[in-house]
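Text of protein15.tsv, listed as TSV, C-alpha atoms:
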chain	number	residue	atom	x	y	z
A	22	MET	CA	32.51	33.99	16.39
A	23	LYS	CA	30.06	34.33	13.55
A	24	ARG	CA	30.98	30.89	12.34
A	25	LEU	CA	30.37	29.41	15.78
A	26	ARG	CA	26.97	31.02	15.89
A	27	THR	CA	26.06	29.56	12.50
A	28	ALA	CA	27.23	26.15	13.65
A	29	LEU	CA	25.13	26.33	16.79
A	30	LEU	CA	22.13	27.45	14.80
A	31	LEU	CA	22.57	24.51	12.41
A	32	CYS	CA	22.82	22.11	15.36
A	33	ALA	CA	19.63	23.54	16.82
A	34	LEU	CA	17.86	23.06	13.49
A	35	VAL	CA	19.01	19.48	13.16
A	36	GLY	CA	18.00	18.79	16.76
A	37	GLY	CA	14.56	20.19	16.03
A	38	ALA	CA	14.13	18.00	12.98
A	39	GLN	CA	14.93	14.88	14.99
A	40	ALA	CA	12.63	15.82	17.82
A	41	ALA	CA	9.73	16.02	15.38
A	42	ASP	CA	10.15	12.28	14.87
A	43	THR	CA	9.29	11.59	18.54
A	44	PRO	CA	11.52	8.75	19.69
A	45	PHE	CA	9.38	6.63	21.97
A	46	GLN	CA	10.13	5.89	25.61
A	47	PHE	CA	9.60	2.33	26.77
A	48	ASP	CA	9.52	1.05	30.36
A	49	GLN	CA	11.30	-2.14	29.46
A	50	PRO	CA	14.16	-2.66	27.00
A	51	GLU	CA	12.32	-5.78	25.79
A	52	GLN	CA	9.46	-3.58	24.56
A	53	ALA	CA	11.88	-1.29	22.74
A	54	ALA	CA	13.39	-4.32	21.01
A	55	ARG	CA	9.94	-5.52	19.94
A	56	TYR	CA	9.10	-2.05	18.64
A	57	GLN	CA	12.33	-2.00	16.65
A	58	ARG	CA	11.70	-5.44	15.18
A	59	LEU	CA	8.05	-4.80	14.30
A	60	THR	CA	8.66	-1.45	12.60
A	61	GLU	CA	11.44	-3.05	10.58
A	62	GLU	CA	9.17	-5.84	9.38
A	63	LEU	CA	6.20	-3.70	8.44
A	64	ARG	CA	6.11	-1.90	5.12
A	65	CYS	CA	5.18	1.75	4.74
A	66	LEU	CA	2.42	1.90	2.15
A	67	VAL	CA	3.21	5.40	0.94
A	68	CYS	CA	6.86	4.85	0.08
A	69	GLN	CA	6.61	1.19	-0.62
A	70	ASN	CA	10.23	0.23	-0.51
A	71	GLN	CA	10.75	1.49	3.01
A	72	ASN	CA	9.74	-0.07	6.27
A	73	LEU	CA	7.95	1.79	9.04
A	74	ALA	CA	11.17	2.35	10.96
A	75	ASP	CA	12.89	4.18	8.09
A	76	SER	CA	10.01	6.07	6.53
A	77	HIS	CA	9.32	9.74	7.13
A	78	ALA	CA	5.87	9.62	5.59
A	79	ASP	CA	2.98	10.85	7.71
A	80	LEU	CA	1.25	7.52	7.50
A	81	ALA	CA	4.36	5.73	8.76
A	82	GLN	CA	4.42	8.04	11.77
A	83	ASP	CA	0.76	7.22	12.46
A	84	LEU	CA	1.45	3.52	12.21
A	85	ARG	CA	4.53	3.82	14.44
A	86	ASN	CA	2.32	5.56	17.03
A	87	GLU	CA	-0.11	2.69	16.69
A	88	VAL	CA	2.61	0.05	17.17
A	89	TYR	CA	3.88	1.95	20.21
A	90	ARG	CA	0.39	2.25	21.66
A	91	MET	CA	-0.29	-1.44	21.16
A	92	ILE	CA	3.02	-2.58	22.65
A	93	THR	CA	2.62	-0.43	25.76
A	94	GLY	CA	-1.02	-1.54	25.89
A	95	GLY	CA	0.19	-5.10	26.38
A	96	GLN	CA	-0.72	-6.52	22.97
A	97	THR	CA	1.30	-9.38	21.52
A	98	ASP	CA	3.34	-9.18	18.30
A	99	ARG	CA	0.78	-11.48	16.71
A	100	GLN	CA	-2.07	-9.11	17.58
A	101	ILE	CA	-0.19	-6.10	16.23
A	102	VAL	CA	0.65	-7.81	12.95
A	103	ASP	CA	-2.96	-9.03	12.60
A	104	PHE	CA	-4.18	-5.48	13.22
A	105	MET	CA	-2.05	-4.17	10.36
A	106	VAL	CA	-2.90	-7.03	7.99
A	107	ALA	CA	-6.65	-6.58	8.66
A	108	ARG	CA	-6.38	-2.98	7.46
A	109	TYR	CA	-3.70	-2.99	4.79
A	110	GLY	CA	-3.50	-6.63	3.71
A	111	GLU	CA	-0.51	-8.95	3.65
A	112	PHE	CA	1.27	-6.38	1.53
A	113	VAL	CA	2.40	-4.64	4.74
A	114	LEU	CA	4.49	-7.66	5.67
A	115	TYR	CA	8.00	-7.82	4.29
A	116	ARG	CA	7.83	-11.56	4.98
A	117	PRO	CA	4.36	-12.61	3.88
A	118	PRO	CA	3.10	-15.97	5.16
A	119	VAL	CA	3.30	-19.00	2.86
A	120	SER	CA	-0.13	-19.38	1.23
A	121	PRO	CA	-1.32	-20.44	-2.24
A	122	LEU	CA	-1.20	-16.75	-3.20
A	123	THR	CA	2.47	-16.40	-2.24
A	124	TRP	CA	3.71	-19.80	-3.43
A	125	LEU	CA	5.21	-18.26	-6.54
A	126	LEU	CA	6.97	-15.66	-4.40
A	127	TRP	CA	8.41	-18.20	-1.98
A	128	PHE	CA	9.12	-21.09	-4.33
A	129	GLY	CA	9.59	-19.25	-7.65
A	130	PRO	CA	13.36	-18.83	-7.16
A	131	PHE	CA	13.78	-22.56	-6.52
A	132	LEU	CA	11.71	-23.25	-9.63
A	133	LEU	CA	14.02	-20.99	-11.64
A	134	LEU	CA	17.06	-22.72	-10.16
A	135	ALA	CA	15.63	-26.13	-11.09
A	136	GLY	CA	14.89	-24.86	-14.61
A	137	ALA	CA	18.39	-23.47	-15.00
A	138	GLY	CA	19.79	-26.78	-13.70
A	139	GLY	CA	17.70	-28.62	-16.30
A	140	VAL	CA	19.02	-26.44	-19.14
A	141	TRP	CA	22.59	-26.83	-17.90
A	142	TRP	CA	22.18	-30.60	-17.74
A	143	ALA	CA	20.63	-30.77	-21.23
A	144	VAL	CA	23.41	-28.64	-22.76
A	145	ALA	CA	26.13	-30.60	-20.97
A	146	ARG	CA	24.66	-33.87	-22.22
A	147	ASP	CA	24.54	-32.67	-25.84
A	148	ARG	CA	28.15	-31.49	-25.70
A	149	GLY	CA	29.21	-34.75	-24.03
A	150	VAL	CA	28.35	-36.78	-27.15
A	151	SER	CA	30.60	-34.91	-29.55
A	152	ALA	CA	33.35	-33.53	-27.34
A	153	PRO	CA	36.79	-35.13	-26.90
A	154	ASP	CA	37.77	-37.23	-29.89
A	155	ALA	CA	41.06	-38.71	-30.95
A	156	THR	CA	42.13	-35.92	-33.37
A	157	GLU	CA	41.69	-33.25	-30.71
A	158	ASP	CA	43.73	-35.26	-28.24
A	159	ALA	CA	46.48	-35.64	-30.81
A	160	ALA	CA	46.48	-31.91	-31.61
A	161	VAL	CA	46.77	-31.03	-27.91
A	162	ALA	CA	49.62	-33.48	-27.50
A	163	ALA	CA	51.42	-31.96	-30.52
A	164	LEU	CA	51.08	-28.44	-29.17
A	165	THR	CA	52.42	-29.34	-25.74
A	166	ARG	CA	55.42	-31.02	-27.36
A	167	GLN	CA	56.17	-27.93	-29.44
A	168	ASP	CA	56.03	-25.75	-26.32
A	169	LYS	CA	58.60	-27.87	-24.58
A	170	ALA	CA	60.97	-28.35	-27.53
A	171	PRO	CA	62.89	-25.02	-27.78
A	172	SER	CA	63.95	-24.81	-24.10
B	4	MET	CA	15.15	-24.54	-35.36
B	5	ARG	CA	17.91	-24.12	-32.78
B	6	PHE	CA	16.70	-20.55	-32.11
B	7	LEU	CA	13.19	-21.67	-31.28
B	8	VAL	CA	13.75	-22.16	-27.55
B	9	PRO	CA	15.61	-18.86	-26.92
B	10	MET	CA	13.02	-17.08	-29.06
B	11	ALA	CA	10.17	-18.58	-27.03
B	12	ILE	CA	11.88	-17.58	-23.75
B	13	PHE	CA	12.40	-14.06	-25.12
B	14	VAL	CA	8.75	-13.69	-26.13
B	15	VAL	CA	7.54	-14.94	-22.73
B	16	LEU	CA	9.90	-12.51	-20.98
B	17	VAL	CA	8.69	-9.57	-23.10
B	18	VAL	CA	5.05	-10.41	-22.37
B	19	VAL	CA	5.69	-10.76	-18.62
B	20	LEU	CA	7.62	-7.47	-18.47
B	21	ALA	CA	5.01	-5.66	-20.57
B	22	VAL	CA	2.24	-6.77	-18.20
B	23	GLY	CA	4.43	-5.77	-15.27
B	24	LEU	CA	4.88	-2.27	-16.71
B	25	LYS	CA	1.13	-1.81	-17.03
B	26	LEU	CA	0.46	-2.72	-13.38
B	27	ASP	CA	0.29	0.11	-10.86
B	28	PRO	CA	2.68	-0.70	-8.01
B	29	ARG	CA	0.85	1.78	-5.79
B	30	TYR	CA	-2.34	-0.22	-6.05
B	31	VAL	CA	-2.68	-2.44	-3.00
B	32	PRO	CA	-5.72	-4.71	-2.99
B	33	SER	CA	-7.72	-3.87	0.11
B	34	PRO	CA	-8.40	-6.73	2.52
B	35	LEU	CA	-11.56	-4.84	3.51
B	36	ILE	CA	-13.52	-5.58	0.33
B	37	ASN	CA	-16.69	-7.52	1.24
B	38	LYS	CA	-16.02	-6.92	4.94
B	39	ASP	CA	-18.09	-4.88	7.33
B	40	ALA	CA	-17.11	-1.23	7.44
B	41	PRO	CA	-15.48	-0.38	10.79
B	42	ALA	CA	-17.70	1.15	13.47
B	43	PHE	CA	-17.09	4.81	14.27
B	44	THR	CA	-18.43	7.80	16.16
B	45	LEU	CA	-17.26	11.09	14.69
B	46	GLU	CA	-18.27	14.73	14.80
B	47	THR	CA	-19.36	16.35	11.59
B	48	LEU	CA	-17.13	18.92	9.95
B	49	ALA	CA	-19.82	21.57	10.12
B	50	ASP	CA	-20.83	21.11	13.74
B	51	PRO	CA	-18.80	19.74	16.69
B	52	ASN	CA	-22.05	19.01	18.55
B	53	THR	CA	-23.40	16.65	15.90
B	54	THR	CA	-21.95	13.16	15.85
B	55	LEU	CA	-22.56	10.45	13.33
B	56	THR	CA	-22.06	6.72	13.67
B	57	LYS	CA	-21.98	3.84	11.26
B	58	GLN	CA	-25.72	3.37	11.87
B	59	ASP	CA	-26.33	6.63	10.01
B	60	LEU	CA	-24.86	5.16	6.83
B	61	LEU	CA	-27.00	2.02	6.74
B	62	GLY	CA	-30.19	1.35	4.80
B	63	ARG	CA	-29.04	2.57	1.38
B	64	PRO	CA	-25.83	2.38	-0.63
B	65	VAL	CA	-23.47	5.32	-0.01
B	66	LEU	CA	-20.13	6.51	-1.24
B	67	VAL	CA	-17.57	7.40	1.43
B	68	ASN	CA	-14.98	9.78	0.04
B	69	VAL	CA	-11.79	10.42	2.04
B	70	TRP	CA	-10.46	13.91	1.37
B	71	ALA	CA	-8.52	16.80	2.88
B	72	SER	CA	-7.87	20.44	2.09
B	73	TRP	CA	-4.11	19.76	1.86
B	74	CYS	CA	-4.63	17.03	-0.73
B	75	SER	CA	-4.09	18.37	-4.23
B	76	ALA	CA	-5.35	15.24	-5.98
B	77	CYS	CA	-8.66	15.75	-4.16
B	78	ARG	CA	-9.18	18.99	-6.10
B	79	VAL	CA	-8.86	17.00	-9.30
B	80	GLU	CA	-11.81	14.75	-8.48
B	81	HIS	CA	-13.87	17.47	-6.83
B	82	PRO	CA	-15.79	18.54	-9.98
B	83	LEU	CA	-16.63	14.90	-10.70
B	84	LEU	CA	-17.96	14.45	-7.14
B	85	LEU	CA	-20.10	17.57	-7.57
B	86	SER	CA	-21.50	16.23	-10.81
B	87	MET	CA	-22.15	12.80	-9.28
B	88	ALA	CA	-24.06	14.34	-6.39
B	89	GLN	CA	-25.98	16.73	-8.59
B	90	ASN	CA	-26.67	14.84	-11.81
B	91	ASP	CA	-26.70	11.25	-10.57
B	92	LYS	CA	-28.14	11.87	-7.11
B	93	VAL	CA	-25.42	9.83	-5.46
B	94	GLU	CA	-25.25	10.13	-1.69
B	95	ILE	CA	-21.63	10.95	-0.91
B	96	ILE	CA	-20.42	11.01	2.66
B	97	GLY	CA	-17.18	12.94	3.06
B	98	LEU	CA	-14.47	11.87	5.47
B	99	ASN	CA	-12.35	14.91	6.16
B	100	TYR	CA	-9.01	13.26	6.96
B	101	LYS	CA	-6.27	14.80	9.14
B	102	ASP	CA	-7.42	18.31	8.40
B	103	THR	CA	-8.63	21.32	10.37
B	104	ARG	CA	-12.26	22.39	10.56
B	105	GLU	CA	-11.41	25.81	9.16
B	106	ALA	CA	-9.41	24.65	6.15
B	107	GLY	CA	-11.89	21.90	5.31
B	108	SER	CA	-14.95	24.13	5.54
B	109	GLU	CA	-13.25	26.87	3.55
B	110	LEU	CA	-12.51	24.52	0.69
B	111	LEU	CA	-16.12	23.37	0.52
B	112	GLN	CA	-17.31	26.96	0.53
B	113	ALA	CA	-14.93	27.96	-2.23
B	114	HIS	CA	-15.37	24.95	-4.52
B	115	GLY	CA	-18.82	23.62	-3.69
B	116	ASN	CA	-19.99	20.83	-1.39
B	117	PRO	CA	-20.80	17.47	-2.97
B	118	TYR	CA	-21.29	15.79	0.41
B	119	ARG	CA	-24.55	14.97	2.18
B	120	GLN	CA	-22.57	14.83	5.43
B	121	VAL	CA	-18.90	15.30	6.22
B	122	LEU	CA	-17.27	13.33	9.01
B	123	PHE	CA	-14.41	15.10	10.78
B	124	ASP	CA	-11.43	12.84	11.48
B	125	PRO	CA	-8.50	15.11	12.43
B	126	GLN	CA	-6.49	12.22	13.94
B	127	GLY	CA	-7.12	9.88	11.05
B	128	LYS	CA	-8.63	7.24	13.37
B	129	LEU	CA	-11.33	6.06	11.00
B	130	GLY	CA	-8.82	6.50	8.19
B	131	LEU	CA	-6.56	3.98	9.92
B	132	ASP	CA	-9.42	1.52	10.40
B	133	LEU	CA	-10.29	1.88	6.72
B	134	GLY	CA	-6.68	1.22	5.72
B	135	VAL	CA	-6.36	4.61	4.04
B	136	TYR	CA	-2.87	5.19	2.65
B	137	GLY	CA	-3.32	7.55	-0.27
B	138	VAL	CA	-5.89	10.35	-0.11
B	139	PRO	CA	-8.26	10.66	-1.90
B	140	GLU	CA	-9.82	7.25	-1.44
B	141	THR	CA	-13.41	6.29	-2.06
B	142	PHE	CA	-15.37	3.39	-0.64
B	143	VAL	CA	-18.72	2.07	-1.82
B	144	LEU	CA	-20.82	0.75	1.07
B	145	ASP	CA	-23.95	-1.28	0.48
B	146	ALA	CA	-27.14	-0.92	2.53
B	147	LYS	CA	-25.79	-3.30	5.19
B	148	GLY	CA	-22.58	-1.32	5.61
B	149	VAL	CA	-20.40	-3.82	3.77
B	150	ILE	CA	-17.52	-2.34	1.77
B	151	ARG	CA	-18.06	-3.36	-1.85
B	152	PHE	CA	-15.50	-1.31	-3.72
B	153	LYS	CA	-12.48	0.86	-3.04
B	154	GLN	CA	-10.88	3.45	-5.27
B	155	VAL	CA	-7.39	4.62	-4.31
B	156	GLY	CA	-6.55	8.03	-5.69
B	157	PRO	CA	-8.97	10.33	-7.48
B	158	ILE	CA	-12.05	8.82	-9.07
B	159	THR	CA	-11.47	8.96	-12.81
B	160	PRO	CA	-14.40	9.38	-15.20
B	161	GLU	CA	-13.64	5.84	-16.41
B	162	ALA	CA	-13.71	4.39	-12.88
B	163	TRP	CA	-17.02	6.13	-12.30
B	164	ARG	CA	-18.55	5.01	-15.57
B	165	ASP	CA	-17.21	1.45	-15.62
B	166	HIS	CA	-17.17	0.46	-11.96
B	167	ILE	CA	-18.84	2.72	-9.45
B	168	LYS	CA	-21.98	3.73	-11.35
B	169	PRO	CA	-22.94	0.16	-12.39
B	170	LEU	CA	-22.19	-1.08	-8.87
B	171	LEU	CA	-24.45	1.56	-7.31
B	172	ALA	CA	-27.21	0.69	-9.77
B	173	LYS	CA	-26.85	-2.97	-8.86
B	174	LEU	CA	-26.90	-2.23	-5.13
B	175	ALA	CA	-29.93	0.02	-5.46
B	176	ALA	CA	-31.79	-2.69	-7.38
B	177	SER	CA	-31.17	-5.39	-4.76
B	178	PRO	CA	-33.76	-5.43	-1.95
B	179	ALA	CA	-32.86	-3.46	1.14
B	180	PRO	CA	-32.30	-5.54	4.31
The structure in this file should be written as structure tokens.
Amino acid sequence: MKRLRTALLLCALVGGAQAADTPFQFDQPEQAARYQRLTEELRCLVCQNQNLADSHADLAQDLRNEVYRMITGGQTDRQIVDFMVARYGEFVLYRPPVSPLTWLLWFGPFLLLAGAGGVWWAVARDRGVSAPDATEDAAVAALTRQDKAPS
Amino acid sequence: MRFLVPMAIFVVLVVVLAVGLKLDPRYVPSPLINKDAPAFTLETLADPNTTLTKQDLLGRPVLVNVWASWCSACRVEHPLLLSMAQNDKVEIIGLNYKDTREAGSELLQAHGNPYRQVLFDPQGKLGLDLGVYGVPETFVLDAKGVIRFKQVGPITPEAWRDHIKPLLAKLAASPAP
């Protein structure tokens, strides 16, 4: 009986904690989907490696309220993203637009890949000059013969 | 000779990582620098019947300092703000952010009030428009209400000496609009 009471109390506590996060009610499922997508794509500035949807920071809650208000107010995704960027900069976007400032971010990995390819090619070419010669071939042939002989 | 290339790559990597370590990942460059400060109409902390607007901040350079009674880092910069207001005659406008009137007023009574005026923003509405994400934050506005500088986190004596003080002197020297 006591255990049951403790369990119920714990459930009540957990329920309370979730309610504090105010899950929003939308008239249309399409709006809920937009809310979900936007809060996943916007970064929380307090805990920088979390998006708005996952963060429990106060600021994230404020910004979620703002996204909710703007969606129900009939604003487009574009307008909402512009609103955030105007205040917090492109840093709030997990997928920043391609601009001279973000070229390194977008194309850096390909640059690295090209560089690595270049090194690989250069090394392969150097090895190619000295690699298989007649004595090595003969040694390999001798070894394979030895392997076969005893059986 | 054959170690030259790996050595060069190693040195470059060390330099890049060392610079990376020195950068503050919490520092986000504000897109609001050199933009007009957002318009607002807010009550003052001291008196719900007095409202201030952006117009009240124009005509001379001012510092806008975002603070709250629940913000422990704000206590750290508080003595410096007091000294700036007293010794350097800087006009500091406080923005009491997501706080209560009682707690905010109490703190000023207990620790001293460096602010010419304090705006009361319990919902953080102006804070949102200013892109505030880490209290305390301080903005330098020129006479036309353009944001010229932003400090995230407490103002350090170095930031005051090297950035804010020279900037204020420069702004004061330029002719008012």
Output as a Markdown table one row per residue of chain A within 10 Å of chain B: the closest atom pair and its distance in Å to one decimal place, counting all atoms listed in the file, sorted by chain and residue number ascending.
| residue | atom | partner | partner_atom | distance |
| --- | --- | --- | --- | --- |
| A:Cys65 | CA | B:Tyr136 | CA | 9.0 |
| A:Leu66 | CA | B:Tyr136 | CA | 6.2 |
| A:Val67 | CA | B:Tyr136 | CA | 6.3 |
| A:Cys68 | CA | B:Arg29 | CA | 8.9 |
| A:Gln69 | CA | B:Arg29 | CA | 7.8 |
| A:Asp79 | CA | B:Tyr136 | CA | 9.6 |
| A:Leu80 | CA | B:Tyr136 | CA | 6.8 |
| A:Ala81 | CA | B:Tyr136 | CA | 9.5 |
| A:Asp83 | CA | B:Leu131 | CA | 8.4 |
| A:Leu84 | CA | B:Leu131 | CA | 8.3 |
| A:Glu87 | CA | B:Leu131 | CA | 9.4 |
| A:Phe104 | CA | B:Asp132 | CA | 9.2 |
| A:Met105 | CA | B:Gly134 | CA | 8.5 |
| A:Val106 | CA | B:Pro34 | CA | 7.8 |
| A:Ala107 | CA | B:Pro34 | CA | 6.4 |
| A:Arg108 | CA | B:Gly134 | CA | 4.6 |
| A:Tyr109 | CA | B:Gly134 | CA | 5.2 |
| A:Gly110 | CA | B:Pro34 | CA | 5.0 |
| A:Glu111 | CA | B:Pro34 | CA | 8.3 |
| A:Phe112 | CA | B:Val31 | CA | 7.2 |
| A:Val113 | CA | B:Val31 | CA | 9.5 |
Distance of atom CA of Asn86 of chain A from atom CA of Gln49 of chain A, expressed in Å to one decimal place: 17.2 Å
Give me the residues near segment 143-157 of chain B as a count of residues only, where near means some atom within 7 Å (using only C-alpha atoms) and where sequence neighbours in that chain fewer than 5 positions away do not count. 23
Residues near Ile101 of chain A, cut-off 12 Å, only C-alpha atoms, skip fewer than 2 positions along chain, as a ChimeraX atom specification: /A:55-56,58-60,62-63,84-99,103-108,113-114
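You will find atom CA of Pro139 of chain B at 13.0 Å from atom CA of Ile96 of chain B.
In this comparison, which uses only C-alpha atoms, the residue of B:Thr103, B:Thr141, B:Thr159, B:Ser177 approaching Ala49 of chain B most closely is B:Thr103.
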Would you list the contacts of Ser72 of chain B as a ChimeraX atom specification, taking every protein, DNA or RNA residue within 7 Å and counting all atoms listed in the file, but skipping same-chain residues closer than 3 positions in sequence? /B:102,106-107,110
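Our summary of the geometry notes that atom CA of Arg5 of chain B is positioned 27.6 Å from atom CA of Val22 of chain B.
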Using all atoms listed in the file, the shortest atom-to-atom distance to Ser86 of chain B among B:Thr54, B:Pro160, B:Leu24, B:Val121 belongs to B:Pro160
Model the absent atoms of segment 105-122 of chain A so that N, CA and C atoms are present, and write the result as an mmCIF file, keeping the file's coordinate frame.
data_model
loop_
_atom_site.group_PDB
_atom_site.id
_atom_site.type_symbol
_atom_site.label_atom_id
_atom_site.label_comp_id
_atom_site.auth_asym_id
_atom_site.auth_seq_id
_atom_site.Cartn_x
_atom_site.Cartn_y
_atom_site.Cartn_z
ATOM 1 N N MET A 105 -2.524 -4.825 11.585
ATOM 2 C CA MET A 105 -2.050 -4.170 10.360
ATOM 3 C C MET A 105 -2.554 -4.907 9.113
ATOM 4 N N VAL A 106 -2.487 -6.242 9.148
ATOM 5 C CA VAL A 106 -2.900 -7.030 7.990
ATOM 6 C C VAL A 106 -4.397 -6.855 7.732
ATOM 7 N N ALA A 107 -5.202 -6.748 8.820
ATOM 8 C CA ALA A 107 -6.650 -6.580 8.660
ATOM 9 C C ALA A 107 -6.958 -5.280 7.918
ATOM 10 N N ARG A 108 -6.116 -4.281 8.081
ATOM 11 C CA ARG A 108 -6.380 -2.980 7.460
ATOM 12 C C ARG A 108 -5.695 -2.817 6.109
ATOM 13 N N TYR A 109 -4.475 -3.276 6.002
ATOM 14 C CA TYR A 109 -3.700 -2.990 4.790
ATOM 15 C C TYR A 109 -3.392 -4.231 3.969
ATOM 16 N N GLY A 110 -3.756 -5.410 4.454
ATOM 17 C CA GLY A 110 -3.500 -6.630 3.710
ATOM 18 C C GLY A 110 -2.090 -7.139 3.943
ATOM 19 N N GLU A 111 -1.811 -8.324 3.404
ATOM 20 C CA GLU A 111 -0.510 -8.950 3.650
ATOM 21 C C GLU A 111 0.627 -8.179 3.009
ATOM 22 N N PHE A 112 0.267 -7.211 2.176
ATOM 23 C CA PHE A 112 1.270 -6.380 1.530
ATOM 24 C C PHE A 112 2.139 -5.637 2.550
ATOM 25 N N VAL A 113 1.614 -5.371 3.745
ATOM 26 C CA VAL A 113 2.400 -4.640 4.740
ATOM 27 C C VAL A 113 3.533 -5.481 5.310
ATOM 28 N N LEU A 114 3.466 -6.785 5.092
ATOM 29 C CA LEU A 114 4.490 -7.660 5.670
ATOM 30 C C LEU A 114 5.639 -7.808 4.685
ATOM 31 N N TYR A 115 6.846 -7.570 5.163
ATOM 32 C CA TYR A 115 8.000 -7.820 4.290
ATOM 33 C C TYR A 115 8.257 -9.315 4.152
ATOM 34 N N ARG A 116 7.734 -10.096 5.104
ATOM 35 C CA ARG A 116 7.830 -11.560 4.980
ATOM 36 C C ARG A 116 6.431 -12.125 5.024
ATOM 37 N N PRO A 117 5.741 -12.123 3.865
ATOM 38 C CA PRO A 117 4.360 -12.610 3.880
ATOM 39 C C PRO A 117 4.307 -14.098 4.183
ATOM 40 N N PRO A 118 3.214 -14.557 4.828
ATOM 41 C CA PRO A 118 3.100 -15.970 5.160
ATOM 42 C C PRO A 118 2.991 -16.816 3.886
ATOM 43 N N VAL A 119 3.398 -18.088 3.997
ATOM 44 C CA VAL A 119 3.300 -19.000 2.860
ATOM 45 C C VAL A 119 1.833 -19.394 2.682
ATOM 46 N N SER A 120 1.250 -19.015 1.534
ATOM 47 C CA SER A 120 -0.130 -19.380 1.230
ATOM 48 C C SER A 120 -0.193 -19.591 -0.277
ATOM 49 N N PRO A 121 -1.260 -20.214 -0.783
ATOM 50 C CA PRO A 121 -1.320 -20.440 -2.240
ATOM 51 C C PRO A 121 -1.017 -19.168 -3.040
ATOM 52 N N LEU A 122 -1.410 -18.017 -2.502
ATOM 53 C CA LEU A 122 -1.200 -16.750 -3.200
ATOM 54 C C LEU A 122 0.284 -16.381 -3.273
#
